[in-house]
>>> print(open('coords29.cif').read())   # mmCIF, C-alpha atoms and all ligand atoms
data_work
loop_
_atom_site.label_atom_id
_atom_site.label_comp_id
_atom_site.auth_asym_id
_atom_site.auth_seq_id
_atom_site.Cartn_x
_atom_site.Cartn_y
_atom_site.Cartn_z
CA MET Z 15 7.30 71.04 -124.47
CA LEU Z 16 4.30 69.06 -125.72
CA ILE Z 17 3.50 65.65 -124.26
CA ALA Z 18 0.80 63.43 -125.79
CA GLN Z 19 -0.79 61.02 -123.31
CA LEU Z 20 -2.46 58.00 -124.89
CA THR Z 21 -4.05 55.26 -122.84
CA ASP Z 22 -5.90 51.94 -122.91
CA LEU Z 23 -5.22 50.80 -126.46
CA HIS Z 24 -6.29 47.21 -125.70
CA LEU Z 25 -4.64 45.87 -128.87
CA ARG Z 26 -5.63 42.38 -130.00
CA PRO Z 27 -4.03 39.89 -132.35
CA PRO Z 28 -4.55 41.18 -135.92
CA GLY Z 29 -8.15 40.69 -137.07
CA LEU Z 30 -9.70 40.28 -133.64
CA PRO Z 31 -11.81 42.87 -131.77
CA ALA Z 32 -11.81 43.34 -127.98
CA TYR Z 33 -14.97 42.35 -126.09
CA ARG Z 34 -16.42 41.14 -129.43
CA VAL Z 35 -17.39 44.70 -130.48
CA SER Z 36 -14.42 47.06 -130.02
CA GLU Z 37 -12.10 47.30 -133.03
CA THR Z 38 -9.24 48.44 -130.85
CA ASN Z 39 -6.53 47.82 -133.45
CA MET Z 40 -8.21 50.09 -135.97
CA MET Z 41 -9.07 52.73 -133.35
CA THR Z 42 -5.51 52.79 -132.02
CA ALA Z 43 -4.16 53.15 -135.55
CA ARG Z 44 -6.51 56.12 -136.06
CA ALA Z 45 -5.35 57.74 -132.80
CA ILE Z 46 -1.71 57.35 -133.78
CA ASP Z 47 -2.47 58.78 -137.21
CA LYS Z 48 -4.12 61.80 -135.54
CA LEU Z 49 -1.10 62.20 -133.29
CA ARG Z 50 1.23 62.02 -136.27
CA LYS Z 51 -0.62 64.87 -138.01
CA LEU Z 52 -0.58 67.26 -135.04
CA THR Z 53 1.24 70.56 -135.54
CA PRO Z 54 3.29 71.48 -133.69
CA ARG Z 55 4.46 67.95 -133.20
CA PRO Z 56 4.44 66.54 -129.64
CA ASP Z 57 7.95 66.12 -128.24
CA VAL Z 58 7.18 62.86 -126.45
CA VAL Z 59 4.40 60.29 -126.13
CA VAL Z 60 3.42 58.72 -122.83
CA ILE Z 61 1.16 55.64 -122.74
CA THR Z 62 -0.52 55.03 -119.38
CA GLY Z 63 -1.10 51.28 -119.64
CA ASP Z 64 -3.37 48.59 -121.10
CA MET Z 65 -1.43 48.75 -124.35
CA THR Z 66 -2.80 45.26 -125.05
CA ASP Z 67 -5.99 43.45 -124.12
CA CYS Z 68 -4.50 40.12 -123.08
CA GLY Z 69 -0.73 40.70 -122.94
CA LEU Z 70 -0.13 38.32 -125.86
CA PRO Z 71 3.12 38.37 -127.86
CA GLU Z 72 1.12 39.02 -131.08
CA GLU Z 73 -0.48 42.05 -129.42
CA TYR Z 74 2.92 43.50 -128.43
CA ALA Z 75 4.22 42.83 -131.95
CA LEU Z 76 1.32 44.90 -133.29
CA LEU Z 77 2.06 47.65 -130.74
CA ARG Z 78 5.66 47.79 -131.92
CA SER Z 79 4.65 48.07 -135.54
CA LEU Z 80 2.08 50.81 -134.83
CA ILE Z 81 4.56 53.04 -133.00
CA ALA Z 82 7.65 52.06 -135.00
CA ASP Z 83 7.88 55.14 -137.18
CA LEU Z 84 6.76 57.76 -134.66
CA PRO Z 85 9.44 60.46 -134.76
CA MET Z 86 9.39 61.15 -131.00
CA PRO Z 87 10.29 58.99 -127.99
CA VAL Z 88 7.51 56.84 -126.49
CA TYR Z 89 7.41 55.95 -122.79
CA MET Z 90 4.92 53.44 -121.42
CA VAL Z 91 3.91 51.69 -118.22
CA PRO Z 92 1.86 48.48 -118.01
CA GLY Z 93 -1.80 48.09 -117.02
CA ASN Z 94 -3.80 45.16 -115.69
CA HIS Z 95 -4.43 43.90 -119.26
CA ASP Z 96 -0.69 43.77 -119.95
CA ARG Z 97 1.76 41.04 -119.11
CA ARG Z 98 5.06 42.29 -117.78
CA ASP Z 99 7.03 39.28 -119.04
CA HIS Z 100 5.73 39.55 -122.60
CA LEU Z 101 6.09 43.34 -122.60
CA LYS Z 102 9.72 43.08 -121.51
CA ARG Z 103 10.44 40.41 -124.10
CA ALA Z 104 8.85 42.40 -126.93
CA PHE Z 105 10.68 45.61 -125.95
CA ALA Z 106 13.93 44.11 -124.66
CA ASP Z 107 15.87 46.84 -126.48
CA TRP Z 108 13.98 49.69 -124.78
CA PRO Z 109 15.91 50.89 -121.71
CA THR Z 110 12.81 52.24 -119.96
CA ILE Z 111 11.01 48.90 -120.24
CA VAL Z 112 13.86 46.76 -118.94
CA ALA Z 113 15.62 49.20 -116.57
CA ASP Z 114 14.06 47.60 -113.50
CA PRO Z 115 14.48 43.81 -113.27
CA ASP Z 116 11.15 43.24 -111.52
CA PHE Z 117 8.87 46.02 -112.69
CA VAL Z 118 8.44 48.43 -115.61
CA GLN Z 119 9.30 51.72 -113.98
CA PHE Z 120 11.85 54.38 -114.87
CA VAL Z 121 12.97 58.00 -114.74
CA VAL Z 122 13.54 60.01 -117.94
CA ASP Z 123 15.75 63.08 -117.52
CA ASP Z 124 16.12 64.05 -121.18
CA HIS Z 125 13.40 66.70 -121.42
CA ALA Z 126 12.29 70.02 -119.93
CA VAL Z 127 10.00 68.04 -117.64
CA ARG Z 128 11.29 65.02 -115.77
CA LEU Z 129 9.13 61.93 -116.38
CA ILE Z 130 8.68 59.14 -113.84
CA GLY Z 131 6.79 56.01 -114.92
CA LEU Z 132 5.43 53.74 -112.18
CA ASP Z 133 4.33 50.11 -112.43
CA THR Z 134 1.07 49.50 -110.52
CA VAL Z 135 0.37 45.99 -111.84
CA VAL Z 136 -0.52 43.13 -109.49
CA GLU Z 137 -0.06 39.93 -111.49
CA LYS Z 138 -3.28 38.06 -112.32
CA SER Z 139 -5.39 40.86 -110.80
CA SER Z 140 -7.43 43.76 -112.17
CA HIS Z 141 -6.71 46.13 -109.30
CA GLY Z 142 -3.39 47.90 -108.80
CA ALA Z 143 -0.90 48.37 -105.98
CA LEU Z 144 2.32 50.15 -105.10
CA CYS Z 145 4.37 47.92 -102.81
CA THR Z 146 7.14 49.13 -100.51
CA ARG Z 147 9.78 48.73 -103.20
CA ARG Z 148 7.87 50.66 -105.85
CA LEU Z 149 7.03 53.43 -103.38
CA ALA Z 150 10.70 53.65 -102.41
CA PHE Z 151 11.65 53.92 -106.08
CA LEU Z 152 9.39 56.96 -106.45
CA SER Z 153 10.47 58.53 -103.19
CA ASP Z 154 14.17 58.13 -104.02
CA ALA Z 155 13.70 59.42 -107.57
CA LEU Z 156 11.92 62.55 -106.36
CA ALA Z 157 14.45 63.15 -103.59
CA ALA Z 158 17.29 62.95 -106.14
CA ALA Z 159 16.07 66.01 -108.11
CA PRO Z 160 13.92 68.23 -105.91
CA ASN Z 161 14.22 71.24 -108.21
CA ARG Z 162 13.30 69.55 -111.50
CA PRO Z 163 9.66 69.94 -112.60
CA THR Z 164 8.36 66.38 -112.71
CA ILE Z 165 5.38 64.41 -114.00
CA VAL Z 166 4.49 61.01 -112.55
CA PHE Z 167 2.40 58.58 -114.59
CA MET Z 168 0.94 55.14 -113.92
CA HIS Z 169 -2.04 53.00 -114.94
CA HIS Z 170 -4.33 52.58 -111.92
CA PRO Z 171 -5.87 55.76 -110.46
CA PRO Z 172 -5.26 56.08 -106.71
CA PHE Z 173 -8.67 57.63 -105.90
CA ASP Z 174 -12.40 56.82 -106.05
CA CYS Z 175 -14.20 58.46 -108.98
CA GLY Z 176 -17.74 57.28 -108.11
CA ILE Z 177 -18.02 54.62 -110.83
CA ARG Z 178 -18.17 51.72 -108.42
CA HIS Z 179 -17.03 48.83 -110.58
CA MET Z 180 -13.93 50.85 -111.52
CA ASP Z 181 -13.31 52.04 -107.96
CA ALA Z 182 -13.27 48.37 -106.94
CA ILE Z 183 -10.22 47.81 -109.17
CA ARG Z 184 -8.31 51.09 -108.73
CA LEU Z 185 -4.95 51.37 -106.92
CA LEU Z 186 -6.07 49.59 -103.75
CA ASP Z 187 -2.75 49.36 -101.90
CA GLY Z 188 -0.23 52.16 -101.50
CA SER Z 189 -2.54 55.11 -102.19
CA ASP Z 190 -2.04 56.79 -98.80
CA GLU Z 191 1.71 56.31 -99.02
CA LEU Z 192 1.73 57.70 -102.56
CA ALA Z 193 -0.18 60.79 -101.42
CA ALA Z 194 2.31 61.32 -98.59
CA ILE Z 195 5.28 61.11 -100.99
CA LEU Z 196 3.69 63.57 -103.43
CA LYS Z 197 2.97 66.01 -100.60
CA ARG Z 198 6.65 66.02 -99.68
CA HIS Z 199 7.73 66.91 -103.24
CA PRO Z 200 6.25 70.14 -104.59
CA GLN Z 201 8.21 69.74 -107.84
CA VAL Z 202 5.56 67.25 -109.04
CA LEU Z 203 3.37 69.11 -111.55
CA ALA Z 204 0.91 66.33 -112.30
CA LEU Z 205 -0.04 62.69 -111.85
CA TRP Z 206 -1.44 61.00 -114.98
CA CYS Z 207 -3.40 57.74 -115.04
CA GLY Z 208 -5.45 55.53 -117.35
CA HIS Z 209 -7.60 52.46 -116.61
CA ASN Z 210 -11.03 54.13 -116.30
CA HIS Z 211 -11.48 54.90 -120.03
CA ARG Z 212 -13.01 58.29 -119.21
CA GLN Z 213 -11.71 61.77 -118.56
CA VAL Z 214 -11.64 62.41 -114.81
CA GLU Z 215 -9.80 65.14 -112.87
CA THR Z 216 -9.04 65.60 -109.19
CA MET Z 217 -6.36 66.74 -106.76
CA PHE Z 218 -4.40 63.89 -105.16
CA GLY Z 219 -1.61 64.41 -102.66
CA GLY Z 220 -1.75 68.10 -103.51
CA VAL Z 221 -1.09 67.34 -107.18
CA PRO Z 222 -3.44 67.85 -110.19
CA THR Z 223 -4.34 64.32 -111.24
CA ASN Z 224 -6.03 63.07 -114.40
CA ILE Z 225 -7.47 59.93 -115.87
CA SER Z 226 -7.27 60.23 -119.65
CA PRO Z 227 -10.05 59.04 -121.98
CA GLY Z 228 -9.22 55.88 -123.94
CA VAL Z 229 -8.16 55.91 -127.56
CA ALA Z 230 -10.65 53.08 -128.28
CA HIS Z 231 -13.86 52.34 -126.29
CA GLN Z 232 -14.91 54.26 -123.15
CA VAL Z 233 -16.41 52.97 -119.89
CA ALA Z 234 -20.14 53.78 -119.66
CA PHE Z 235 -20.84 56.67 -117.30
CA HIS Z 236 -22.99 56.08 -114.23
CA LEU Z 237 -22.34 57.12 -110.64
CA ASP Z 238 -23.17 55.43 -107.38
CA ASP Z 239 -25.17 52.41 -108.42
CA ASP Z 240 -24.49 48.72 -108.58
CA ARG Z 241 -24.76 48.21 -112.31
CA ASP Z 242 -22.10 46.05 -113.89
CA GLY Z 243 -19.53 47.79 -116.00
CA SER Z 244 -20.07 48.19 -119.72
CA LEU Z 245 -18.37 49.93 -122.61
CA VAL Z 246 -19.64 52.63 -124.96
CA PHE Z 247 -18.38 54.26 -128.13
CA GLU Z 248 -18.24 57.81 -126.89
CA PRO Z 249 -15.64 59.83 -128.82
CA PRO Z 250 -12.15 58.36 -128.42
CA ALA Z 251 -9.57 60.92 -127.36
CA PHE Z 252 -6.14 61.52 -125.92
CA ARG Z 253 -4.56 64.29 -123.89
CA LEU Z 254 -2.07 66.86 -125.06
CA HIS Z 255 -0.16 68.51 -122.22
CA ARG Z 256 1.74 71.74 -122.85
CA TYR Z 257 4.55 72.78 -120.52
CA ALA Z 258 5.57 76.41 -121.08
CA GLY Z 259 6.67 79.24 -118.85
CA GLY Z 260 6.82 76.92 -115.86
CA ALA Z 261 3.12 75.97 -116.16
CA LEU Z 262 1.46 72.78 -117.34
CA VAL Z 263 -1.83 73.12 -119.29
CA SER Z 264 -3.76 70.10 -120.53
CA HIS Z 265 -6.00 69.73 -123.58
CA THR Z 266 -8.22 66.91 -124.86
CA VAL Z 267 -7.79 65.96 -128.53
CA TYR Z 268 -10.54 63.91 -130.18
CA VAL Z 269 -9.37 61.21 -132.54
CA GLU Z 270 -12.20 61.56 -135.07
CA ASP Z 271 -12.92 64.62 -137.20
CA TYR Z 272 -16.16 66.54 -136.78
CA ALA Z 273 -18.07 69.08 -138.88
CA GLY Z 274 -16.18 72.36 -139.28
CA PRO Z 275 -14.12 74.37 -138.72
CA PHE Z 276 -16.51 77.27 -139.37
CA PRO Z 277 -15.41 80.93 -139.20
CA PHE Z 278 -16.64 83.13 -136.33
CA VAL Z 279 -18.88 85.40 -138.43
CA LEU Z 280 -20.07 87.95 -135.87
CA ASP Z 281 -23.67 89.12 -135.69
CA PRO Z 282 -23.85 92.96 -136.04
CA SER Z 283 -25.50 93.11 -132.60
CA TYR Z 284 -22.62 91.31 -130.89
CA PRO Z 285 -21.72 93.62 -127.96
CA GLY Z 286 -17.97 93.14 -128.24
CA ARG Z 287 -17.46 94.92 -131.58
FE FE D 301 -8.21 49.60 -119.98
FE FE D 302 -6.88 48.88 -116.83
#
>>> encode(input="coords29.cif", output="structure tokens")
Amino acid sequence: MLIAQLTDLHLRPPGLPAYRVSETNMMTARAIDKLRKLTPRPDVVVITGDMTDCGLPEEYALLRSLIADLPMPVYMVPGNHDRRDHLKRAFADWPTIVADPDFVQFVVDDHAVRLIGLDTVVEKSSHGALCTRRLAFLSDALAAAPNRPTIVFMHHPPFDCGIRHMDAIRLLDGSDELAAILKRHPQVLALWCGHNHRQVETMFGGVPTNISPGVAHQVAFHLDDDRDGSLVFEPPAFRLHRYAGGALVSHTVYVEDYAGPFPFVLDPSYPGR
């Protein structure tokens, strides 16, 4: 099973960039085009939040049109740039989006790996949280199928990565409780996040945990200083996770094309021949 993880599209109304300089609509279209050309084809697409920049109805209409003819199911959870009400209205016919009356969270049991999407949004805030009800949703879902390999995904990372302005707006409430739930359920293969617009890996609650790079702009890299956040155009990318033989292995796929491929023409002195 192949799962493509896209994140932080930050779509804008047609014709407008994000942050004055980031042509997120074009960059998202390029990422989806890259995804469409992958062989073998991913079985599902997961989007870990910030599908839009401002949660506007025009932005969700563009999202719908961009993913409309993808041949595989798409599952998504909101980020701090999304608006739950507008997301639910734009995707009122998507069971995963409207399954929960208050949040956008769901369980998908249709695939080799069970997928659980969690809603970490705190309205009118940049940081995230998992309240008692959302934690109970996860705990109950995991308890219901302890033998099914499972992936949990959500927008806000629950750990500090060292980029201070992002750590200030990570999952600030519910992280300890989330870790405790994950520790109780060894069937969880991975926890996938977005929000930080950079590739970051750690272990959290005993589970391999990633933040995926964004499909548009990235967050500038600097550790342990007080600089304000800024964005850079490092190579946009998404993750391609392969579940086979009971193991999950994760790759990074760059959206743009680069020079090559070139054949491995071996030098006669290469010691392996
Ligand atoms: Fe974002
Ligand atoms: Fe975010």
>>> residues_around(input="coords29.cif", residues="Gly259 (chain Z)", least_positions_apart="4", cutoff="12 Å", atoms="all atoms listed in the file", output="MDAnalysis selection string")
chainID Z and resid 15 126:127 163 263
>>> residues_near_point(input="coords29.cif", point="(-10.1, 48.7, -126.9)", cutoff="6 Å", atoms="all atoms listed in the file", output="PDB file with C-alpha atoms, in the frame of the given file")
ATOM      1  CA  LEU Z  23      -5.220  50.800-126.460  1.00  0.00           C
ATOM      2  CA  HIS Z  24      -6.290  47.210-125.700  1.00  0.00           C
ATOM      3  CA  ALA Z  32     -11.810  43.340-127.980  1.00  0.00           C
ATOM      4  CA  SER Z  36     -14.420  47.060-130.020  1.00  0.00           C
ATOM      5  CA  THR Z  38      -9.240  48.440-130.850  1.00  0.00           C
ATOM      6  CA  ALA Z 230     -10.650  53.080-128.280  1.00  0.00           C
ATOM      7  CA  HIS Z 231     -13.860  52.340-126.290  1.00  0.00           C
TER       8      HIS Z 231
END
>>> closest_atom_pairs(input="coords29.cif", of="chain Z", to="ligand FE 301 (chain D)", cutoff="10 Å", atoms="all atoms listed in the file", output="JSON lines")
{"residue": "Z:Thr21", "atom": "CA", "partner": "D:FE301", "partner_atom": "FE", "distance": 7.6}
{"residue": "Z:Asp22", "atom": "CA", "partner": "D:FE301", "partner_atom": "FE", "distance": 4.4}
{"residue": "Z:Leu23", "atom": "CA", "partner": "D:FE301", "partner_atom": "FE", "distance": 7.2}
{"residue": "Z:His24", "atom": "CA", "partner": "D:FE301", "partner_atom": "FE", "distance": 6.5}
{"residue": "Z:Thr62", "atom": "CA", "partner": "D:FE301", "partner_atom": "FE", "distance": 9.4}
{"residue": "Z:Gly63", "atom": "CA", "partner": "D:FE301", "partner_atom": "FE", "distance": 7.3}
{"residue": "Z:Asp64", "atom": "CA", "partner": "D:FE301", "partner_atom": "FE", "distance": 5.1}
{"residue": "Z:Met65", "atom": "CA", "partner": "D:FE301", "partner_atom": "FE", "distance": 8.1}
{"residue": "Z:Thr66", "atom": "CA", "partner": "D:FE301", "partner_atom": "FE", "distance": 8.6}
{"residue": "Z:Asp67", "atom": "CA", "partner": "D:FE301", "partner_atom": "FE", "distance": 7.7}
{"residue": "Z:Gly93", "atom": "CA", "partner": "D:FE301", "partner_atom": "FE", "distance": 7.2}
{"residue": "Z:Asn94", "atom": "CA", "partner": "D:FE301", "partner_atom": "FE", "distance": 7.6}
{"residue": "Z:His95", "atom": "CA", "partner": "D:FE301", "partner_atom": "FE", "distance": 6.9}
{"residue": "Z:Asp96", "atom": "CA", "partner": "D:FE301", "partner_atom": "FE", "distance": 9.5}
{"residue": "Z:Ser140", "atom": "CA", "partner": "D:FE301", "partner_atom": "FE", "distance": 9.8}
{"residue": "Z:His169", "atom": "CA", "partner": "D:FE301", "partner_atom": "FE", "distance": 8.7}
{"residue": "Z:His170", "atom": "CA", "partner": "D:FE301", "partner_atom": "FE", "distance": 9.4}
{"residue": "Z:Gly208", "atom": "CA", "partner": "D:FE301", "partner_atom": "FE", "distance": 7.0}
{"residue": "Z:His209", "atom": "CA", "partner": "D:FE301", "partner_atom": "FE", "distance": 4.5}
{"residue": "Z:Asn210", "atom": "CA", "partner": "D:FE301", "partner_atom": "FE", "distance": 6.5}
{"residue": "Z:His211", "atom": "CA", "partner": "D:FE301", "partner_atom": "FE", "distance": 6.2}
{"residue": "Z:Arg212", "atom": "CA", "partner": "D:FE301", "partner_atom": "FE", "distance": 10.0}
{"residue": "Z:Pro227", "atom": "CA", "partner": "D:FE301", "partner_atom": "FE", "distance": 9.8}
{"residue": "Z:Gly228", "atom": "CA", "partner": "D:FE301", "partner_atom": "FE", "distance": 7.5}
{"residue": "Z:Val229", "atom": "CA", "partner": "D:FE301", "partner_atom": "FE", "distance": 9.9}
{"residue": "Z:Ala230", "atom": "CA", "partner": "D:FE301", "partner_atom": "FE", "distance": 9.3}
{"residue": "Z:His231", "atom": "CA", "partner": "D:FE301", "partner_atom": "FE", "distance": 8.9}
{"residue": "Z:Gln232", "atom": "CA", "partner": "D:FE301", "partner_atom": "FE", "distance": 8.8}
{"residue": "Z:Val233", "atom": "CA", "partner": "D:FE301", "partner_atom": "FE", "distance": 8.9}
>>> closest_residue(input="coords29.cif", among="Z:Val118, Z:Met217, Z:Val91, Z:Val112", to="ligand FE 302 (chain D)", atoms="all atoms listed in the file")
Z:Val91
>>> closest_residue(input="coords29.cif", among="Z:Thr134, Z:Gln119, Z:Ser79, Z:Ser264", to="ligand FE 302 (chain D)", atoms="all atoms listed in the file")
Z:Thr134
>>> closest_residue(input="coords29.cif", among="Z:Val135, Z:Leu30, Z:Ala193, Z:Ile46", to="ligand FE 302 (chain D)", atoms="all atoms listed in the file")
Z:Val135
>>> atom_distance(input="coords29.cif", atom1="CA of Arg256 (chain Z)", atom2="CA of Asn39 (chain Z)")
27.4 Å
>>> atom_distance(input="coords29.cif", atom1="CA of Pro109 (chain Z)", atom2="CA of Val121 (chain Z)")
10.4 Å
>>> closest_residue(input="coords29.cif", among="Z:Gly286, Z:Pro172, Z:Pro249, Z:Gly131", to="Tyr272 (chain Z)", atoms="all atoms listed in the file")
Z:Pro249
>>> closest_residue(input="coords29.cif", among="Z:Leu49, Z:Ile130, Z:Ile183, Z:Val202", to="Leu254 (chain Z)", atoms="all atoms listed in the file")
Z:Leu49
>>> atom_distance(input="coords29.cif", atom1="CA of Leu77 (chain Z)", atom2="CA of Gly142 (chain Z)")
22.6 Å
>>> build_atoms(input="coords29.cif", residues="region 126-152 of chain Z", atoms="N, CA and C atoms", output="PDB file, in the frame of the given file")
ATOM      1  N   ALA Z 126      12.514  68.872-120.823  1.00  0.00           N
ATOM      2  CA  ALA Z 126      12.290  70.020-119.930  1.00  0.00           C
ATOM      3  C   ALA Z 126      11.558  69.604-118.666  1.00  0.00           C
ATOM      4  N   VAL Z 127      10.691  68.601-118.800  1.00  0.00           N
ATOM      5  CA  VAL Z 127      10.000  68.040-117.640  1.00  0.00           C
ATOM      6  C   VAL Z 127      10.542  66.648-117.390  1.00  0.00           C
ATOM      7  N   ARG Z 128      10.804  66.357-116.130  1.00  0.00           N
ATOM      8  CA  ARG Z 128      11.290  65.020-115.770  1.00  0.00           C
ATOM      9  C   ARG Z 128      10.083  64.073-115.733  1.00  0.00           C
ATOM     10  N   LEU Z 129      10.234  62.892-116.308  1.00  0.00           N
ATOM     11  CA  LEU Z 129       9.130  61.930-116.380  1.00  0.00           C
ATOM     12  C   LEU Z 129       9.457  60.708-115.528  1.00  0.00           C
ATOM     13  N   ILE Z 130       8.507  60.347-114.656  1.00  0.00           N
ATOM     14  CA  ILE Z 130       8.680  59.140-113.840  1.00  0.00           C
ATOM     15  C   ILE Z 130       7.510  58.201-114.120  1.00  0.00           C
ATOM     16  N   GLY Z 131       7.806  57.026-114.662  1.00  0.00           N
ATOM     17  CA  GLY Z 131       6.790  56.010-114.920  1.00  0.00           C
ATOM     18  C   GLY Z 131       6.775  55.001-113.787  1.00  0.00           C
ATOM     19  N   LEU Z 132       5.573  54.688-113.290  1.00  0.00           N
ATOM     20  CA  LEU Z 132       5.430  53.740-112.180  1.00  0.00           C
ATOM     21  C   LEU Z 132       4.629  52.523-112.627  1.00  0.00           C
ATOM     22  N   ASP Z 133       4.992  51.379-112.109  1.00  0.00           N
ATOM     23  CA  ASP Z 133       4.330  50.110-112.430  1.00  0.00           C
ATOM     24  C   ASP Z 133       3.378  49.770-111.278  1.00  0.00           C
ATOM     25  N   THR Z 134       2.067  49.767-111.579  1.00  0.00           N
ATOM     26  CA  THR Z 134       1.070  49.500-110.520  1.00  0.00           C
ATOM     27  C   THR Z 134       0.449  48.111-110.651  1.00  0.00           C
ATOM     28  N   VAL Z 135       1.009  47.279-111.528  1.00  0.00           N
ATOM     29  CA  VAL Z 135       0.370  45.990-111.840  1.00  0.00           C
ATOM     30  C   VAL Z 135       0.541  44.991-110.689  1.00  0.00           C
ATOM     31  N   VAL Z 136      -0.547  44.298-110.374  1.00  0.00           N
ATOM     32  CA  VAL Z 136      -0.520  43.130-109.490  1.00  0.00           C
ATOM     33  C   VAL Z 136      -0.831  41.937-110.393  1.00  0.00           C
ATOM     34  N   GLU Z 137       0.108  41.014-110.515  1.00  0.00           N
ATOM     35  CA  GLU Z 137      -0.060  39.930-111.490  1.00  0.00           C
ATOM     36  C   GLU Z 137      -1.348  39.160-111.242  1.00  0.00           C
ATOM     37  N   LYS Z 138      -2.032  38.841-112.331  1.00  0.00           N
ATOM     38  CA  LYS Z 138      -3.280  38.060-112.320  1.00  0.00           C
ATOM     39  C   LYS Z 138      -4.390  38.758-111.550  1.00  0.00           C
ATOM     40  N   SER Z 139      -4.341  40.091-111.481  1.00  0.00           N
ATOM     41  CA  SER Z 139      -5.390  40.860-110.800  1.00  0.00           C
ATOM     42  C   SER Z 139      -5.771  42.053-111.662  1.00  0.00           C
ATOM     43  N   SER Z 140      -6.987  42.555-111.456  1.00  0.00           N
ATOM     44  CA  SER Z 140      -7.430  43.760-112.170  1.00  0.00           C
ATOM     45  C   SER Z 140      -7.068  45.017-111.407  1.00  0.00           C
ATOM     46  N   HIS Z 141      -7.032  44.943-110.087  1.00  0.00           N
ATOM     47  CA  HIS Z 141      -6.710  46.130-109.300  1.00  0.00           C
ATOM     48  C   HIS Z 141      -5.194  46.385-109.333  1.00  0.00           C
ATOM     49  N   GLY Z 142      -4.798  47.558-108.817  1.00  0.00           N
ATOM     50  CA  GLY Z 142      -3.390  47.900-108.800  1.00  0.00           C
ATOM     51  C   GLY Z 142      -2.867  48.090-107.389  1.00  0.00           C
ATOM     52  N   ALA Z 143      -1.533  48.160-107.277  1.00  0.00           N
ATOM     53  CA  ALA Z 143      -0.900  48.370-105.980  1.00  0.00           C
ATOM     54  C   ALA Z 143       0.480  48.990-106.184  1.00  0.00           C
ATOM     55  N   LEU Z 144       0.924  49.731-105.176  1.00  0.00           N
ATOM     56  CA  LEU Z 144       2.320  50.150-105.100  1.00  0.00           C
ATOM     57  C   LEU Z 144       2.884  49.561-103.814  1.00  0.00           C
ATOM     58  N   CYS Z 145       3.765  48.584-103.965  1.00  0.00           N
ATOM     59  CA  CYS Z 145       4.370  47.920-102.810  1.00  0.00           C
ATOM     60  C   CYS Z 145       5.491  48.801-102.259  1.00  0.00           C
ATOM     61  N   THR Z 146       6.093  48.362-101.173  1.00  0.00           N
ATOM     62  CA  THR Z 146       7.140  49.130-100.510  1.00  0.00           C
ATOM     63  C   THR Z 146       8.279  49.465-101.477  1.00  0.00           C
ATOM     64  N   ARG Z 147       8.656  48.487-102.301  1.00  0.00           N
ATOM     65  CA  ARG Z 147       9.780  48.730-103.200  1.00  0.00           C
ATOM     66  C   ARG Z 147       9.443  49.762-104.273  1.00  0.00           C
ATOM     67  N   ARG Z 148       8.242  49.694-104.812  1.00  0.00           N
ATOM     68  CA  ARG Z 148       7.870  50.660-105.850  1.00  0.00           C
ATOM     69  C   ARG Z 148       7.685  52.056-105.253  1.00  0.00           C
ATOM     70  N   LEU Z 149       7.156  52.126-104.043  1.00  0.00           N
ATOM     71  CA  LEU Z 149       7.030  53.430-103.380  1.00  0.00           C
ATOM     72  C   LEU Z 149       8.409  54.028-103.095  1.00  0.00           C
ATOM     73  N   ALA Z 150       9.338  53.174-102.685  1.00  0.00           N
ATOM     74  CA  ALA Z 150      10.700  53.650-102.410  1.00  0.00           C
ATOM     75  C   ALA Z 150      11.376  54.140-103.677  1.00  0.00           C
ATOM     76  N   PHE Z 151      11.105  53.468-104.791  1.00  0.00           N
ATOM     77  CA  PHE Z 151      11.650  53.920-106.080  1.00  0.00           C
ATOM     78  C   PHE Z 151      11.208  55.345-106.368  1.00  0.00           C
ATOM     79  N   LEU Z 152       9.910  55.612-106.182  1.00  0.00           N
ATOM     80  CA  LEU Z 152       9.390  56.960-106.450  1.00  0.00           C
ATOM     81  C   LEU Z 152       9.988  57.968-105.475  1.00  0.00           C
TER      82      LEU Z 152
END
